[in-house]
Amino acid sequence: MFSFKSTVIDATVEKLINGQDYRQEVVNDINVKFLDFTLEFFKEIVNAKLNDKKLNLDWYKQHFLNDENYSKSDIDIFSGMNLKTINNIYKTTIKQVVIDVANKNYDYLKDLIQQLEMDGTDELNIQIKITKNDISVDLNLSESLIILNALATKKITLRGGVWSAIGKSVEKPLLIKLCNLCGVSQKKL
């Protein structure tokens, strides 16, 4: 699912060999992947918002949950879900199931946010402004909360996947490095 660049693997192996804590390498990898996702997501939000004439939150649902160009692993994140949770609940991650679940979750979040707005969030306003090539779009409270939820979901999903994958990615290079340090021939591996 997640792969590490050789520089992260090499740095992790070196830290392990030297008895140092390697976790910062993993945290750095998570942060790089998350920030890359965030910037691309913001670019896509600007494009979607500019290309839609609707003045309500349905532009997000149309562009991010029901666009066939996105993979199921994008659609689930955009809706505030992740594939592992969908698989645990529905025992499948077939794209159409993911789209259906994403739409249901989005509708639930939209209703929840609208209820929060009616229940007195008028003293609090969150407004995200995204600018691309001198063109700006403003996201209202509802839109901002949907976006923040998707970003939180992405960070959680990355953390789980990256921490799970680090051992698998470092296992063989670490063993080879240890064998080389101990003088064990590659032929015996």
# chains A, B, ... in the order shown; residues from 1 in each chain; ligands from 1
$ residues_around --residues "range 147-157 of chain A" --least-positions-apart "6" --cutoff "9 Å" --atoms "only C-alpha atoms" --output "list of chain:residue names"
A:Ile30, A:Asn31, A:Lys33, A:Phe34, A:Phe37, A:Thr38, A:Phe41, A:Asp76, A:Ile77, A:Phe78, A:Ser79, A:Gly80, A:Met81, A:Asn82, A:Leu83, A:Lys84
$ write_last_selection --atoms "C-alpha atoms" --output "compact mmCIF listing (two decimals), in the first residue's frame"
# COMPACT_ATOMS: atom_id res chain seq x y z
CA ILE A 30 4.13 10.90 6.84
CA ASN A 31 4.42 14.68 6.87
CA LYS A 33 3.04 12.63 1.98
CA PHE A 34 0.36 14.53 3.90
CA PHE A 37 -1.76 15.46 -0.65
CA THR A 38 -2.99 18.68 0.97
CA PHE A 41 -6.28 18.61 -2.79
CA ASP A 76 -13.16 7.39 0.61
CA ILE A 77 -10.76 10.01 1.97
CA PHE A 78 -12.74 12.86 0.43
CA SER A 79 -15.83 11.60 2.25
CA GLY A 80 -14.09 11.26 5.60
CA MET A 81 -13.85 7.46 5.53
CA ASN A 82 -11.05 5.04 4.76
CA LEU A 83 -10.97 1.77 2.84
CA LYS A 84 -10.11 -0.32 5.87
$ select_by_dssp --residues "range 59-169 of chain A" --states "strand (DSSP E)" --output "VMD selection string"
chain A and resid 128 to 132 135 to 139
$ write_last_selection --atoms "C-alpha atoms" --output "mmCIF file, in the first residue's frame"
data_model
loop_
_atom_site.group_PDB
_atom_site.id
_atom_site.type_symbol
_atom_site.label_atom_id
_atom_site.label_comp_id
_atom_site.auth_asym_id
_atom_site.auth_seq_id
_atom_site.Cartn_x
_atom_site.Cartn_y
_atom_site.Cartn_z
ATOM 1 C CA ILE A 128 -10.626 28.896 4.333
ATOM 2 C CA LYS A 129 -9.348 30.971 1.447
ATOM 3 C CA ILE A 130 -7.380 29.134 -1.227
ATOM 4 C CA THR A 131 -5.542 31.055 -3.929
ATOM 5 C CA LYS A 132 -4.111 29.555 -7.099
ATOM 6 C CA ILE A 135 -7.535 33.346 -8.331
ATOM 7 C CA SER A 136 -9.076 32.831 -4.911
ATOM 8 C CA VAL A 137 -11.979 30.833 -3.638
ATOM 9 C CA ASP A 138 -13.453 31.183 -0.184
ATOM 10 C CA LEU A 139 -14.888 28.203 1.610
#
$ closest_residue --among "A:Asp29, A:Glu14, A:Asp21, A:Glu123" --to "Gly161 in chain A" --atoms "only C-alpha atoms"
A:Asp29
$ residues_around --residues "range 172-175 of chain A" --least-positions-apart "6" --cutoff "10 Å" --atoms "only C-alpha atoms" --output "MDAnalysis selection string"
chainID A and resid 6 9:10 12:14 16:17 181 189
$ select_by_dssp --residues "range 6-151 of chain A" --states "alpha helix (DSSP H)" --output "number ranges by chain"
A: 6-17, 23-50, 58-60, 72-79, 83-90, 95-118, 141-151
$ write_last_selection --atoms "C-alpha atoms" --output "compact mmCIF listing (two decimals), in the first residue's frame"
# COMPACT_ATOMS: atom_id res chain seq x y z
CA SER A 6 15.18 4.42 -0.62
CA THR A 7 16.52 7.43 1.29
CA VAL A 8 14.01 6.83 4.12
CA ILE A 9 14.81 3.11 4.17
CA ASP A 10 18.57 3.76 4.16
CA ALA A 11 18.32 6.36 6.93
CA THR A 12 16.14 4.03 9.01
CA VAL A 13 18.56 1.11 8.57
CA GLU A 14 21.53 3.29 9.54
CA LYS A 15 19.75 4.53 12.66
CA LEU A 16 18.79 1.00 13.67
CA ILE A 17 22.36 -0.26 13.14
CA ARG A 23 10.81 7.09 14.28
CA GLN A 24 11.56 10.63 13.12
CA GLU A 25 12.25 9.22 9.65
CA VAL A 26 8.75 7.73 9.59
CA VAL A 27 7.15 10.91 10.93
CA ASN A 28 8.97 12.93 8.27
CA ASP A 29 7.71 10.56 5.56
CA ILE A 30 4.13 10.90 6.84
CA ASN A 31 4.42 14.68 6.87
CA VAL A 32 5.81 14.86 3.34
CA LYS A 33 3.04 12.63 1.98
CA PHE A 34 0.36 14.53 3.90
CA LEU A 35 1.53 17.96 2.75
CA ASP A 36 1.82 16.75 -0.86
CA PHE A 37 -1.76 15.46 -0.65
CA THR A 38 -2.99 18.68 0.97
CA LEU A 39 -1.52 20.94 -1.70
CA GLU A 40 -2.90 18.80 -4.53
CA PHE A 41 -6.28 18.61 -2.79
CA PHE A 42 -6.40 22.41 -2.44
CA LYS A 43 -5.60 22.81 -6.15
CA GLU A 44 -8.43 20.43 -7.00
CA ILE A 45 -10.79 22.31 -4.67
CA VAL A 46 -10.04 25.60 -6.42
CA ASN A 47 -10.70 24.01 -9.82
CA ALA A 48 -13.90 22.31 -8.67
CA LYS A 49 -15.26 25.40 -6.96
CA LEU A 50 -14.48 27.63 -9.94
CA ASP A 58 -23.22 19.98 -3.34
CA TRP A 59 -20.31 21.03 -5.59
CA TYR A 60 -18.03 19.05 -3.28
CA LYS A 72 -11.79 4.50 -4.60
CA SER A 73 -8.94 5.31 -2.20
CA ASP A 74 -9.36 9.02 -3.05
CA ILE A 75 -13.15 8.96 -2.83
CA ASP A 76 -13.16 7.39 0.61
CA ILE A 77 -10.76 10.01 1.97
CA PHE A 78 -12.74 12.86 0.43
CA SER A 79 -15.83 11.60 2.25
CA LEU A 83 -10.97 1.77 2.84
CA LYS A 84 -10.11 -0.32 5.87
CA THR A 85 -13.20 0.90 7.73
CA ILE A 86 -15.39 0.38 4.66
CA ASN A 87 -14.03 -3.13 4.24
CA ASN A 88 -14.59 -3.90 7.93
CA ILE A 89 -18.22 -2.76 7.76
CA TYR A 90 -19.27 -3.89 4.27
CA LYS A 95 -15.56 0.98 -6.18
CA GLN A 96 -19.35 1.27 -6.39
CA VAL A 97 -19.70 0.28 -2.73
CA VAL A 98 -17.06 2.86 -1.82
CA ILE A 99 -18.93 5.53 -3.79
CA ASP A 100 -22.24 4.61 -2.14
CA VAL A 101 -20.71 4.62 1.35
CA ALA A 102 -18.88 7.89 0.62
CA ASN A 103 -22.11 9.56 -0.44
CA LYS A 104 -23.95 8.31 2.65
CA ASN A 105 -21.17 9.48 4.94
CA TYR A 106 -21.01 12.84 3.18
CA ASP A 107 -24.77 13.30 3.55
CA TYR A 108 -24.50 12.47 7.25
CA LEU A 109 -21.64 14.97 7.70
CA LYS A 110 -23.50 17.63 5.75
CA ASP A 111 -26.60 17.18 7.94
CA LEU A 112 -24.48 17.19 11.08
CA ILE A 113 -22.70 20.39 10.05
CA GLN A 114 -25.99 22.08 9.15
CA GLN A 115 -27.36 21.12 12.57
CA LEU A 116 -24.27 22.54 14.24
CA GLU A 117 -24.73 25.77 12.31
CA MET A 118 -28.35 26.03 13.47
CA LEU A 141 -17.98 27.14 7.48
CA SER A 142 -19.67 24.02 6.07
CA GLU A 143 -17.21 23.65 3.22
CA SER A 144 -14.25 24.26 5.51
CA LEU A 145 -15.40 21.60 7.97
CA ILE A 146 -15.87 19.04 5.18
CA ILE A 147 -12.37 19.82 3.89
CA LEU A 148 -10.84 19.65 7.39
CA ASN A 149 -12.54 16.29 7.95
CA ALA A 150 -11.09 14.92 4.70
CA LEU A 151 -7.62 16.17 5.65
$ closest_residue --among "A:Leu158, A:Asn140, A:Ser169, A:Cys179" --to "Asn125 in chain A" --atoms "only C-alpha atoms"
A:Asn140
